[in-house]
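Peer 1: Pasting in a structure now, in structure tokens, and then I'll have a few things to ask.
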Amino acid sequence: MRIYNTLTHKVEDFVPREAGKVGMYTCGPTVYHFAHIGNLRSYIMEDVLEKYLRFTGLDVKRVMNITDVGHLTSDGDTGDDKMLKGAKREHKTVMEIAKFYTDAFFADCKKLNIKTPDVVVPATTYVDEFIRVISSLIDKGYAYEAGGNIYFDTSKIDNYNVFHNFTEDDLEVGVREGVEEDTNKRNKADFVLWFTKSKFDDQELKWDSPWGVGYPGWHIECSCISMKNLGEYLDLHCGGVDNIFPHHTNEIAQSEAYLGHKWCNYWFHVHHLNTTSGKMSKSKGEFLTVSLLEEKGYDPLVYRFFCLQSHYRKGLVFTWENLDNAKAAYNKLVARIGKLLAEAAGSEADTADVSALEEKFRTAMDDDLNTSNAMTALYDILKADASPAAKIAAVEHIDTVLSLGLVQAAKKTAEPAEDDIPEEIKALAEERAQARKAKDFAKADELRDKIAALGYTVKETRQGTVITKS
């Protein structure tokens, strides 16, 4: 597999440090509000990446943080903590806000078929680890105290601007937006590792530390959570492009200063979901959520389908028209698979045929996770000169990566709802199943004919008995 590495600005062979195993870290949500669908595009693509690595036979351990303290409204280490902002908005405690929106985030992920990472760590549970690493950075001369806060000294490292894709103007303050200069800093690009009570006295969550009562900065959280769970060497770090600077830049600086060696080999960044007016963000009021899509009649998996039609390194423009087009295409795809299911009923797939059908899919995914071409490969499978059973088996297998629920949706489309099947038909089908189990095939055939006379068809498939309206 080849993948674009933001650190080198090149598409490279992906080679884990330890053969057969991958340590993968994902920047998780700041749980002060619902995730909008722009946020969730990154998690969808990271989910596809993880699942494809597993598909190829690699043993993946994926870790994700939950930011429930320390992420300020400005990346310049100024303004309110986002969690405190959410608590004030809803007149709740910070931990009540964190619990509610963490649950909401994972509920959205479930609707989008996004797998929960192997390890999920709320930042508030690792404060002792943050303090330990910050203390070490001070002892090694990489951090200093000023104005009641502990700062990382970016002048002590050789290459702070490690990604080389932000400007000197950005470096003047070390932020992306909401710039306010912090006069406590020795250097403009320095960043806070720990805040004390001398700043933001209305902060609800505070802990004792060697430097006074306070709370951690945002950037230290991910470094510590990753190192604690994945060790000193990380294969793959993921996030949205807006995390590149300053967050991921600062993670590299503090992690490598603490460890004394290179930390992470590959950086995977997903580009923005845009509206026709620009980047989608909560602050601009363009707040489209999974729940809103559902309210408007869209299956969340249609949005996942929409995302997979584009490459993760390209900006994706959301409009309702584009989503309608994705919905129509998804429904047609499901209908085609439904017809194949009926044709494949009772037959077995040849393993070699299935593997051959999957070849174009593997080629597309090995090419920097090209999901757009992978979707084309999916359609090619449906058009291929192969048995219906082989096609269905191939679709099911690659959908463990795409996670569009295609076969499941096709079954629901092809089958009447459970409540729509008359009780008499259900009883006859159950009686027929018992006759087949007892090897009384004459009776089973008689019951099948009786069911058919009542306008229904019953078939035995690998997934069990299927009843359809004739």
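Here's how to read the names in the structure tokens: chain A, B, ... by the order shown, residue numbers from 1 in each chain, ligand numbers from 1 in the order shown.
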As an NGL selection string, please: the residues near Ile114 of chain A (cut-off 12 Å, only C-alpha atoms, same-chain neighbours under 6 positions excluded).
Peer 2: :A and (40-51 or 105-108 or 300-301 or 304 or 400-405)
Peer 1: What are the nearest atom pairs, with distances in Å to one decimal, for all residues of segment 298-410 of chain A that come at most 6 Å from segment 268-271 of chain A, using only C-alpha atoms, set out by chain and rising residue number as JSON lines?
Peer 2:
{"residue": "A:Tyr312", "atom": "CA", "partner": "A:Val270", "partner_atom": "CA", "distance": 5.3}
{"residue": "A:Arg313", "atom": "CA", "partner": "A:His271", "partner_atom": "CA", "distance": 5.3}
{"residue": "A:Lys314", "atom": "CA", "partner": "A:His271", "partner_atom": "CA", "distance": 5.9}
{"residue": "A:Gly315", "atom": "CA", "partner": "A:His271", "partner_atom": "CA", "distance": 5.4}
Peer 1: Those same residues, written as a compact mmCIF listing (two decimals), in the first residue's frame with C-alpha atoms?
Peer 2:
# COMPACT_ATOMS: atom_id res chain seq x y z
CA TYR A 312 -9.71 12.20 0.97
CA ARG A 313 -7.05 14.73 -0.12
CA LYS A 314 -9.53 16.76 -2.14
CA GLY A 315 -11.93 19.31 -0.76
Peer 1: So which one's closest to Ser347 of chain A, A:Glu460, A:Glu424, A:Glu221, A:Asp158? Using only C-alpha atoms, please.
Peer 2: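 Residue with the minimum atom-to-atom distance to Ser347 of chain A: A:Glu460.
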Peer 1: For Ile97 of chain A, work out the shell of residues within 12 Å, counting only C-alpha atoms and skipping chain neighbours fewer than 5 positions away, then give it as a list in words.
Peer 2: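 So the residues in contact are Thr30, Val31, Tyr32, His33, Phe34, Thr67, Asp68, Val69, Lys82, Met83, Leu84, Lys85, Gly86, Ala87, Lys88, Arg89, Glu90, His91, Lys92, Thr102, Asp103 and Ala104 of chain A.
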Peer 1: Choose the residue, out of A:Val290, A:Ile252, A:Val395, A:Leu234, that has the smallest atom-to-atom separation from His219 of chain A; count only C-alpha atoms.
Peer 2: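 Smallest separation from His219 of chain A among the options: A:Ile252.
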Peer 1: I want to know what sits within 12 Å of Ala342 of chain A, based on only C-alpha atoms, with residues of the same chain fewer than 5 positions away left out; could you give that as a PyMOL selection string?
Peer 2: chain A and resi 335-337+347+388-389+392+407+410-411+413-415+457-461+466-468
Peer 1: Mind giving me the straight-line distance from atom CA of Lys296 of chain A to atom CA of Pro117 of chain A in Å, one decimal?
Peer 2: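 Between atom CA of Lys296 of chain A and atom CA of Pro117 of chain A the gap works out to 29.3 Å.
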Peer 1: Find the residues around Leu333 of chain A up to 9 Å (only C-alpha atoms counted), leave out those fewer than 4 positions away in its own chain, and share them as a PyMOL selection string.
Peer 2: chain A and resi 328-329+337-338+379+406+410
Peer 1: Generate the output file for the selected residues, C-alpha atoms, as a PDB file, in the first residue's frame.
Peer 2:
ATOM      1  CA  ALA A 328     -30.274   8.153  -5.856  1.00  0.00           C
ATOM      2  CA  ALA A 329     -27.009   6.404  -6.758  1.00  0.00           C
ATOM      3  CA  ILE A 337     -27.390  -5.959  -5.357  1.00  0.00           C
ATOM      4  CA  GLY A 338     -30.911  -7.030  -4.375  1.00  0.00           C
ATOM      5  CA  TYR A 379     -19.612  -1.239  -9.952  1.00  0.00           C
ATOM      6  CA  LEU A 406     -24.998  -2.714   0.909  1.00  0.00           C
ATOM      7  CA  ALA A 410     -30.539  -4.945  -0.321  1.00  0.00           C
TER       8      ALA A 410
END
